[in-house]
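A.B. asks: Sharing protein-v5.csv (CSV, C-alpha atoms and all ligand atoms) below.
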```csv
chain,number,residue,atom,x,y,z
H,1,MET,CA,63.8,-19.2,-30.6
H,2,ILE,CA,60.0,-19.4,-30.9
H,3,LEU,CA,58.5,-22.6,-32.3
H,4,VAL,CA,54.8,-23.1,-32.9
H,5,LEU,CA,53.1,-26.5,-32.9
H,6,LEU,CA,50.1,-26.5,-35.2
H,7,GLY,CA,47.7,-29.4,-35.4
H,8,ALA,CA,44.1,-30.5,-34.8
H,9,PRO,CA,42.9,-31.5,-31.3
H,10,GLY,CA,44.3,-35.0,-30.7
H,11,ALA,CA,47.1,-34.7,-33.3
H,12,GLY,CA,49.6,-35.3,-30.5
H,13,LYS,CA,50.9,-31.8,-29.9
H,14,GLY,CA,51.1,-32.2,-26.1
H,15,THR,CA,53.0,-35.5,-26.3
H,16,LEU,CA,55.4,-34.2,-28.9
H,17,ALA,CA,55.9,-31.0,-27.0
H,18,ALA,CA,56.9,-32.9,-23.9
H,19,GLU,CA,59.6,-34.8,-25.8
H,20,MET,CA,60.9,-31.8,-27.6
H,21,CYS,CA,61.2,-29.7,-24.5
H,22,SER,CA,63.2,-32.4,-22.7
H,23,SER,CA,65.5,-32.8,-25.7
H,24,PHE,CA,65.9,-29.2,-26.8
H,25,LYS,CA,66.2,-26.1,-24.7
H,26,LEU,CA,62.6,-25.0,-25.1
H,27,LYS,CA,59.9,-24.1,-22.6
H,28,HIS,CA,56.6,-25.7,-23.2
H,29,ILE,CA,53.8,-23.2,-23.3
H,30,SER,CA,50.4,-24.9,-23.7
H,31,THR,CA,47.5,-22.5,-23.7
H,32,GLY,CA,45.2,-25.5,-22.9
H,33,ASP,CA,47.2,-26.4,-19.8
H,34,MET,CA,47.4,-22.8,-18.7
H,35,LEU,CA,43.6,-22.4,-19.0
H,36,ARG,CA,43.0,-25.6,-17.2
H,37,GLN,CA,45.2,-24.5,-14.3
H,38,ASN,CA,43.4,-21.2,-14.2
H,39,MET,CA,40.1,-23.1,-14.1
H,40,ARG,CA,41.3,-25.3,-11.3
H,41,GLU,CA,42.5,-22.4,-9.3
H,42,GLU,CA,39.4,-20.4,-10.1
H,43,THR,CA,41.3,-17.3,-11.1
H,44,ALA,CA,39.4,-14.5,-12.8
H,45,LEU,CA,40.6,-15.8,-16.1
H,46,GLY,CA,39.7,-19.4,-15.3
H,47,ILE,CA,36.2,-18.4,-14.3
H,48,LYS,CA,35.8,-16.5,-17.6
H,49,ALA,CA,37.3,-19.3,-19.7
H,50,ARG,CA,35.4,-22.2,-18.3
H,51,SER,CA,32.1,-22.0,-20.2
H,52,PHE,CA,34.0,-21.7,-23.5
H,53,VAL,CA,36.5,-24.6,-22.8
H,54,ASP,CA,33.8,-27.0,-21.5
H,55,ALA,CA,31.7,-26.4,-24.6
H,56,GLY,CA,34.6,-27.0,-26.9
H,57,LYS,CA,34.6,-23.4,-28.1
H,58,LEU,CA,37.5,-21.0,-28.4
H,59,VAL,CA,38.2,-18.7,-25.5
H,60,PRO,CA,38.0,-15.0,-26.8
H,61,ASP,CA,41.2,-13.8,-28.5
H,62,ALA,CA,41.8,-10.9,-26.2
H,63,LEU,CA,42.0,-13.1,-23.1
H,64,ILE,CA,44.3,-15.6,-24.7
H,65,ILE,CA,46.6,-13.0,-26.3
H,66,GLU,CA,47.1,-11.2,-23.0
H,67,MET,CA,47.8,-14.6,-21.2
H,68,VAL,CA,50.4,-15.6,-23.8
H,69,ARG,CA,52.0,-12.1,-24.0
H,70,GLU,CA,52.6,-12.2,-20.2
H,71,ARG,CA,53.8,-15.8,-20.3
H,72,ILE,CA,56.4,-15.4,-23.0
H,73,SER,CA,57.9,-12.3,-21.5
H,74,MET,CA,58.9,-14.3,-18.4
H,75,PRO,CA,62.6,-15.1,-17.9
H,76,ASP,CA,62.2,-18.9,-18.3
H,77,CYS,CA,61.2,-18.3,-22.0
H,78,LYS,CA,64.4,-16.5,-22.8
H,79,GLU,CA,66.2,-19.4,-24.4
H,80,GLY,CA,63.2,-20.3,-26.4
H,81,CYS,CA,59.7,-21.6,-26.2
H,82,LEU,CA,57.4,-24.0,-27.9
H,83,LEU,CA,53.9,-22.7,-28.3
H,84,ASP,CA,51.3,-25.5,-28.2
H,85,GLY,CA,47.7,-24.6,-28.9
H,86,PHE,CA,48.5,-21.0,-29.8
H,87,PRO,CA,47.9,-19.3,-32.2
H,88,ARG,CA,44.5,-20.8,-33.0
H,89,THR,CA,42.9,-17.9,-35.0
H,90,ALA,CA,44.1,-15.4,-37.6
H,91,ALA,CA,43.9,-12.6,-35.0
H,92,GLN,CA,46.1,-14.6,-32.6
H,93,ALA,CA,48.6,-15.3,-35.3
H,94,GLU,CA,48.8,-11.6,-36.2
H,95,ALA,CA,49.2,-10.7,-32.5
H,96,LEU,CA,51.9,-13.2,-32.0
H,97,GLY,CA,53.8,-11.8,-35.0
H,98,ALA,CA,53.7,-8.3,-33.3
H,99,ILE,CA,54.9,-9.7,-30.0
H,100,ALA,CA,57.7,-12.0,-31.1
H,101,HIS,CA,59.6,-13.4,-34.0
H,102,VAL,CA,58.4,-16.8,-34.9
H,103,ASP,CA,61.2,-19.1,-36.2
H,104,MET,CA,59.4,-22.2,-37.3
H,105,VAL,CA,55.9,-23.7,-37.4
H,106,LEU,CA,55.6,-27.5,-37.1
H,107,TYR,CA,52.4,-28.8,-38.5
H,108,LEU,CA,51.4,-32.2,-37.2
H,109,GLU,CA,49.2,-33.7,-39.8
H,110,VAL,CA,46.7,-36.5,-38.8
H,111,GLU,CA,43.4,-37.6,-40.4
H,112,THR,CA,40.1,-36.8,-38.7
H,113,ASP,CA,39.1,-40.5,-38.1
H,114,ALA,CA,42.3,-41.1,-36.2
H,115,LEU,CA,41.8,-37.9,-34.2
H,116,VAL,CA,38.5,-39.0,-32.8
H,117,LYS,CA,39.9,-42.4,-31.8
H,118,ARG,CA,42.8,-40.8,-30.1
H,119,ILE,CA,40.8,-38.3,-28.1
H,120,SER,CA,38.2,-40.7,-27.0
H,121,GLY,CA,40.8,-43.0,-25.5
H,122,ARG,CA,42.8,-40.2,-23.9
H,123,ARG,CA,43.4,-40.2,-20.1
H,124,VAL,CA,45.2,-37.4,-18.3
H,125,CYS,CA,46.9,-37.6,-14.9
H,126,GLU,CA,45.3,-35.2,-12.4
H,127,GLY,CA,48.6,-35.0,-10.5
H,128,CYS,CA,51.4,-34.5,-13.0
H,129,GLY,CA,49.4,-33.9,-16.2
H,130,ALA,CA,51.0,-36.8,-18.1
H,131,VAL,CA,48.8,-38.0,-21.0
H,132,TYR,CA,48.0,-41.7,-21.8
H,133,HIS,CA,45.9,-43.6,-24.3
H,134,ILE,CA,43.9,-46.6,-23.2
H,135,SER,CA,45.4,-48.7,-26.1
H,136,TRP,CA,48.8,-48.6,-24.4
H,137,HIS,CA,48.0,-47.9,-20.8
H,138,ASP,CA,44.6,-49.2,-19.5
H,139,GLY,CA,45.0,-48.6,-15.7
H,140,ASP,CA,43.4,-45.8,-13.8
H,141,VAL,CA,46.6,-44.8,-11.9
H,142,CYS,CA,49.5,-42.8,-13.3
H,143,PRO,CA,52.7,-44.9,-13.6
H,144,LYS,CA,54.8,-41.8,-13.1
H,145,CYS,CA,53.3,-40.3,-10.0
H,146,GLY,CA,50.6,-42.6,-8.7
H,147,ALA,CA,47.7,-40.0,-9.0
H,148,LYS,CA,44.4,-40.8,-10.6
H,149,LEU,CA,43.9,-40.8,-14.4
H,150,LEU,CA,40.8,-38.9,-15.7
H,151,VAL,CA,38.9,-38.2,-18.9
H,152,ARG,CA,39.2,-34.4,-19.6
H,153,ASP,CA,35.8,-32.7,-19.4
H,154,ASP,CA,36.1,-31.5,-23.0
H,155,ASP,CA,37.1,-35.0,-24.3
H,156,LYS,CA,33.5,-36.2,-24.2
H,157,PRO,CA,32.4,-37.3,-27.7
H,158,GLU,CA,29.9,-34.5,-28.4
H,159,THR,CA,32.5,-31.9,-27.4
H,160,VAL,CA,35.3,-33.6,-29.4
H,161,LEU,CA,33.4,-33.2,-32.7
H,162,ARG,CA,32.7,-29.6,-31.9
H,163,ARG,CA,36.4,-28.9,-31.2
H,164,ILE,CA,37.4,-30.5,-34.6
H,165,GLU,CA,34.8,-28.3,-36.3
H,166,VAL,CA,36.2,-25.2,-34.5
H,167,TYR,CA,39.7,-26.3,-35.6
H,168,ASN,CA,38.7,-26.7,-39.2
H,169,GLN,CA,37.1,-23.3,-39.3
H,170,ASN,CA,39.5,-21.2,-37.3
H,171,THR,CA,42.9,-22.8,-37.1
H,172,GLU,CA,43.4,-24.7,-40.3
H,173,PRO,CA,43.7,-21.5,-42.3
H,174,LEU,CA,46.9,-20.8,-40.3
H,175,ILE,CA,48.6,-23.6,-42.2
H,176,GLY,CA,48.4,-21.5,-45.4
H,177,TYR,CA,49.2,-18.4,-43.5
H,178,TYR,CA,52.5,-19.8,-42.2
H,179,ARG,CA,53.3,-21.7,-45.5
H,180,GLU,CA,53.2,-18.3,-47.3
H,181,LYS,CA,55.6,-16.9,-44.8
H,182,GLY,CA,58.0,-19.8,-45.5
H,183,LEU,CA,57.9,-21.0,-41.9
H,184,LEU,CA,55.8,-24.2,-42.2
H,185,ARG,CA,57.3,-27.7,-41.8
H,186,THR,CA,54.8,-30.5,-42.1
H,187,VAL,CA,55.2,-33.7,-40.1
H,188,ASP,CA,53.2,-36.9,-40.5
H,189,GLY,CA,51.6,-37.2,-37.1
H,190,SER,CA,49.9,-40.6,-37.8
H,191,GLY,CA,52.8,-42.8,-36.4
H,192,THR,CA,53.8,-43.7,-32.9
H,193,PRO,CA,55.1,-40.9,-30.6
H,194,GLU,CA,58.7,-42.3,-31.2
H,195,GLU,CA,58.3,-42.1,-35.0
H,196,VAL,CA,56.8,-38.6,-34.9
H,197,PHE,CA,59.6,-37.4,-32.6
H,198,ALA,CA,62.3,-38.9,-34.9
H,199,ALA,CA,60.9,-37.0,-37.8
H,200,VAL,CA,60.9,-33.8,-35.8
H,201,ARG,CA,64.4,-34.3,-34.5
H,202,GLY,CA,65.5,-34.6,-38.2
H,203,ILE,CA,63.9,-31.2,-38.9
H,204,MET,CA,65.4,-29.6,-35.8
H,205,GLU,CA,68.9,-30.9,-36.5
H,206,LYS,CA,68.8,-29.7,-40.1
H,207,ARG,CA,68.1,-26.2,-38.8
H,208,VAL,CA,71.3,-25.9,-36.7
F,301,LIG,P1,43.2,-29.7,-27.8
F,301,LIG,O1,44.3,-29.1,-28.7
F,301,LIG,O2,43.4,-31.1,-27.6
F,301,LIG,O3,41.9,-29.3,-28.3
F,301,LIG,P2,44.0,-27.9,-25.7
F,301,LIG,O4,44.3,-28.4,-24.3
F,301,LIG,O5,45.0,-27.2,-26.5
F,301,LIG,O6,43.3,-29.1,-26.4
F,301,LIG,O7,42.8,-26.8,-25.5
F,301,LIG,C1,41.6,-27.1,-24.8
F,301,LIG,C2,40.6,-25.9,-24.9
F,301,LIG,O8,41.2,-24.7,-24.4
F,301,LIG,C3,40.2,-25.5,-26.3
F,301,LIG,O9,39.1,-26.3,-26.8
F,301,LIG,C4,39.8,-24.0,-26.1
F,301,LIG,O10,38.5,-24.0,-25.5
F,301,LIG,C5,40.8,-23.6,-25.1
F,301,LIG,N1,42.0,-23.0,-25.8
F,301,LIG,C6,43.3,-23.4,-25.7
F,301,LIG,N2,44.1,-22.6,-26.5
F,301,LIG,C7,43.3,-21.6,-27.0
F,301,LIG,C8,43.6,-20.5,-27.9
F,301,LIG,N3,44.8,-20.3,-28.3
F,301,LIG,N4,42.5,-19.8,-28.2
F,301,LIG,C9,41.3,-20.0,-27.8
F,301,LIG,N5,41.0,-21.0,-27.0
F,301,LIG,C10,42.0,-21.8,-26.6
```
As structure tokens, please, write out the structure in this file.
Ligand code: ADP
C.D. replies:
Amino acid sequence: MILVLLGAPGAGKGTLAAEMCSSFKLKHISTGDMLRQNMREETALGIKARSFVDAGKLVPDALIIEMVRERISMPDCKEGCLLDGFPRTAAQAEALGAIAHVDMVLYLEVETDALVKRISGRRVCEGCGAVYHISWHDGDVCPKCGAKLLVRDDDKPETVLRRIEVYNQNTEPLIGYYREKGLLRTVDGSGTPEEVFAAVRGIMEKRV
């Protein structure tokens, strides 16, 4: 089963994906996390991607498509995967359709003002990757693993607005694309993580 999570930067895709993958048999494939790991390890892909990611721009389609193609063919994706942050352009959506059968697209809907507030308060653990918001966890140490909490380089205010613009231009059209295919389910992403997950659980249970 292949599920796609669609939503603007800060809509809560990563938080929801973590919940979903621990409750359902799905492997979380986050292109943002994969790119950041490549950047940390300074792989050839990471070196190419860095200037785009840090500027809030999209990494070129060819690089991303190849990265996802390789990843979803691995054995741990056999039972199903949840794509988070991919596809982000029409070309990526077309490529995904050619690689695999998409079962459902969950669109996490959140207003722009709320997105900016969420991203500007986001802290990410440098050890385990857990994500927090200063409104509910204001420390600088991860309660799960004890490592330091950091602001992501691309979460700085000027880059955030750029990312939202890039989303509106490139990724938002995919909502219509998947709606026409009858695959889209819209979820109100403005509530707490628990509320959002409860809505998604309802949708998932109706499917089976
Ligand atoms: P967010 O959804 O909060 O913007 P992500 O962690 O998904 O954050 O992505 C961070 C950055 O990684 C993006 O701004 C972009 O530069 C790059 N990126 C991630 N996924 C893709 C993709 N599918 N296509 C192009 N660039 C991507």
A.B. asks: List every residue of chain H that has an atom at most 7 Å from any atom of ligand LIG 301 (chain F), giving for each one its closest atom pair and the distance in Å to one decimal, counting all atoms listed in the file, sorted by chain and then by ascending residue number, as JSON lines.
C.D. replies:
```
{"residue": "H:Ala8", "atom": "CA", "partner": "F:LIG301", "partner_atom": "O1", "distance": 6.3}
{"residue": "H:Pro9", "atom": "CA", "partner": "F:LIG301", "partner_atom": "O2", "distance": 3.8}
{"residue": "H:Gly10", "atom": "CA", "partner": "F:LIG301", "partner_atom": "O2", "distance": 5.1}
{"residue": "H:Ser30", "atom": "CA", "partner": "F:LIG301", "partner_atom": "O5", "distance": 6.5}
{"residue": "H:Thr31", "atom": "CA", "partner": "F:LIG301", "partner_atom": "N2", "distance": 4.4}
{"residue": "H:Gly32", "atom": "CA", "partner": "F:LIG301", "partner_atom": "O4", "distance": 3.3}
{"residue": "H:Asp33", "atom": "CA", "partner": "F:LIG301", "partner_atom": "O4", "distance": 5.7}
{"residue": "H:Leu35", "atom": "CA", "partner": "F:LIG301", "partner_atom": "O8", "distance": 6.3}
{"residue": "H:Phe52", "atom": "CA", "partner": "F:LIG301", "partner_atom": "O10", "distance": 5.4}
{"residue": "H:Val53", "atom": "CA", "partner": "F:LIG301", "partner_atom": "O10", "distance": 3.4}
{"residue": "H:Asp54", "atom": "CA", "partner": "F:LIG301", "partner_atom": "O10", "distance": 6.9}
{"residue": "H:Gly56", "atom": "CA", "partner": "F:LIG301", "partner_atom": "O9", "distance": 4.6}
{"residue": "H:Lys57", "atom": "CA", "partner": "F:LIG301", "partner_atom": "O10", "distance": 4.7}
{"residue": "H:Leu58", "atom": "CA", "partner": "F:LIG301", "partner_atom": "N5", "distance": 3.8}
{"residue": "H:Val59", "atom": "CA", "partner": "F:LIG301", "partner_atom": "N5", "distance": 3.9}
{"residue": "H:Pro60", "atom": "CA", "partner": "F:LIG301", "partner_atom": "C9", "distance": 6.1}
{"residue": "H:Asp61", "atom": "CA", "partner": "F:LIG301", "partner_atom": "N4", "distance": 6.1}
{"residue": "H:Ile64", "atom": "CA", "partner": "F:LIG301", "partner_atom": "N4", "distance": 5.8}
{"residue": "H:Asp84", "atom": "CA", "partner": "F:LIG301", "partner_atom": "O5", "distance": 6.7}
{"residue": "H:Gly85", "atom": "CA", "partner": "F:LIG301", "partner_atom": "O5", "distance": 4.5}
{"residue": "H:Phe86", "atom": "CA", "partner": "F:LIG301", "partner_atom": "N3", "distance": 4.1}
{"residue": "H:Pro87", "atom": "CA", "partner": "F:LIG301", "partner_atom": "N3", "distance": 5.1}
{"residue": "H:Arg88", "atom": "CA", "partner": "F:LIG301", "partner_atom": "N3", "distance": 4.7}
{"residue": "H:Arg163", "atom": "CA", "partner": "F:LIG301", "partner_atom": "O9", "distance": 5.8}
```
A.B. asks: Excluding range 197-202 of chain H and any residue of its chain fewer than 3 positions from it, enumerate the residues within 7 Å of it, using all atoms listed in the file, and give them as a PyMOL selection string.
C.D. replies: chain H and resi 16+187+193-194+205-206
A.B. asks: Point out the residue among H:Gly46, H:Leu6, H:Met1, H:Arg152 with the least atom-to-atom distance to Arg185 in chain H, counting only C-alpha atoms.
C.D. replies: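 Using only C-alpha atoms, Arg185 in chain H sits closest to H:Leu6.
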A.B. asks: Mind giving me the straight-line distance from CA of Thr186 in chain H to CA of Val110 in chain H in Å, one decimal?
C.D. replies: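 Going from CA of Thr186 in chain H over to CA of Val110 in chain H covers 10.6 Å.
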A.B. asks: Might you pull out every residue within 10 Å of Ala93 in chain H, with only C-alpha atoms counted and same-chain residues fewer than 3 positions away left off, and present them as an mmCIF file with C-alpha atoms, in the frame of the given file?
C.D. replies:
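Output contents, as saved in part_14.cif:
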```
data_model
loop_
_atom_site.group_PDB
_atom_site.id
_atom_site.type_symbol
_atom_site.label_atom_id
_atom_site.label_comp_id
_atom_site.auth_asym_id
_atom_site.auth_seq_id
_atom_site.Cartn_x
_atom_site.Cartn_y
_atom_site.Cartn_z
ATOM 1 C CA ILE H 65 46.600 -13.000 -26.300
ATOM 2 C CA PHE H 86 48.500 -21.000 -29.800
ATOM 3 C CA PRO H 87 47.900 -19.300 -32.200
ATOM 4 C CA ARG H 88 44.500 -20.800 -33.000
ATOM 5 C CA THR H 89 42.900 -17.900 -35.000
ATOM 6 C CA ALA H 90 44.100 -15.400 -37.600
ATOM 7 C CA LEU H 96 51.900 -13.200 -32.000
ATOM 8 C CA GLY H 97 53.800 -11.800 -35.000
ATOM 9 C CA ALA H 98 53.700 -8.300 -33.300
ATOM 10 C CA ILE H 99 54.900 -9.700 -30.000
ATOM 11 C CA VAL H 102 58.400 -16.800 -34.900
ATOM 12 C CA THR H 171 42.900 -22.800 -37.100
ATOM 13 C CA LEU H 174 46.900 -20.800 -40.300
ATOM 14 C CA TYR H 177 49.200 -18.400 -43.500
ATOM 15 C CA TYR H 178 52.500 -19.800 -42.200
#
```
A.B. asks: So which residues touch Ile134 in chain H within 7 Å, counting all atoms listed in the file, skipping near sequence neighbours fewer than 4 positions away, as a list in words?
C.D. replies: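 Those residues are Gly121, Arg122 and Asp138 of chain H.
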A.B. asks: Taking only C-alpha atoms into account, which of H:Leu149, H:Leu106, H:Leu26, H:Leu184 comes nearest Cys125 in chain H?
C.D. replies: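 Closest residue, counting only C-alpha atoms: H:Leu149.
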A.B. asks: What's around Cys81 in chain H at 9 Å? Count all atoms listed in the file, leave out sequence neighbours fewer than 2 positions away in its own chain, and write the answer as a ChimeraX atom specification.
C.D. replies: /H:1-4,21,25-29,72,76-79,83
A.B. asks: Quick one: of H:Ser23, H:Gln169, H:Ala17, H:Met34, who's nearest to Arg71 in chain H, counting all atoms listed in the file?
C.D. replies: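 Closest residue, counting all atoms listed in the file: H:Met34.
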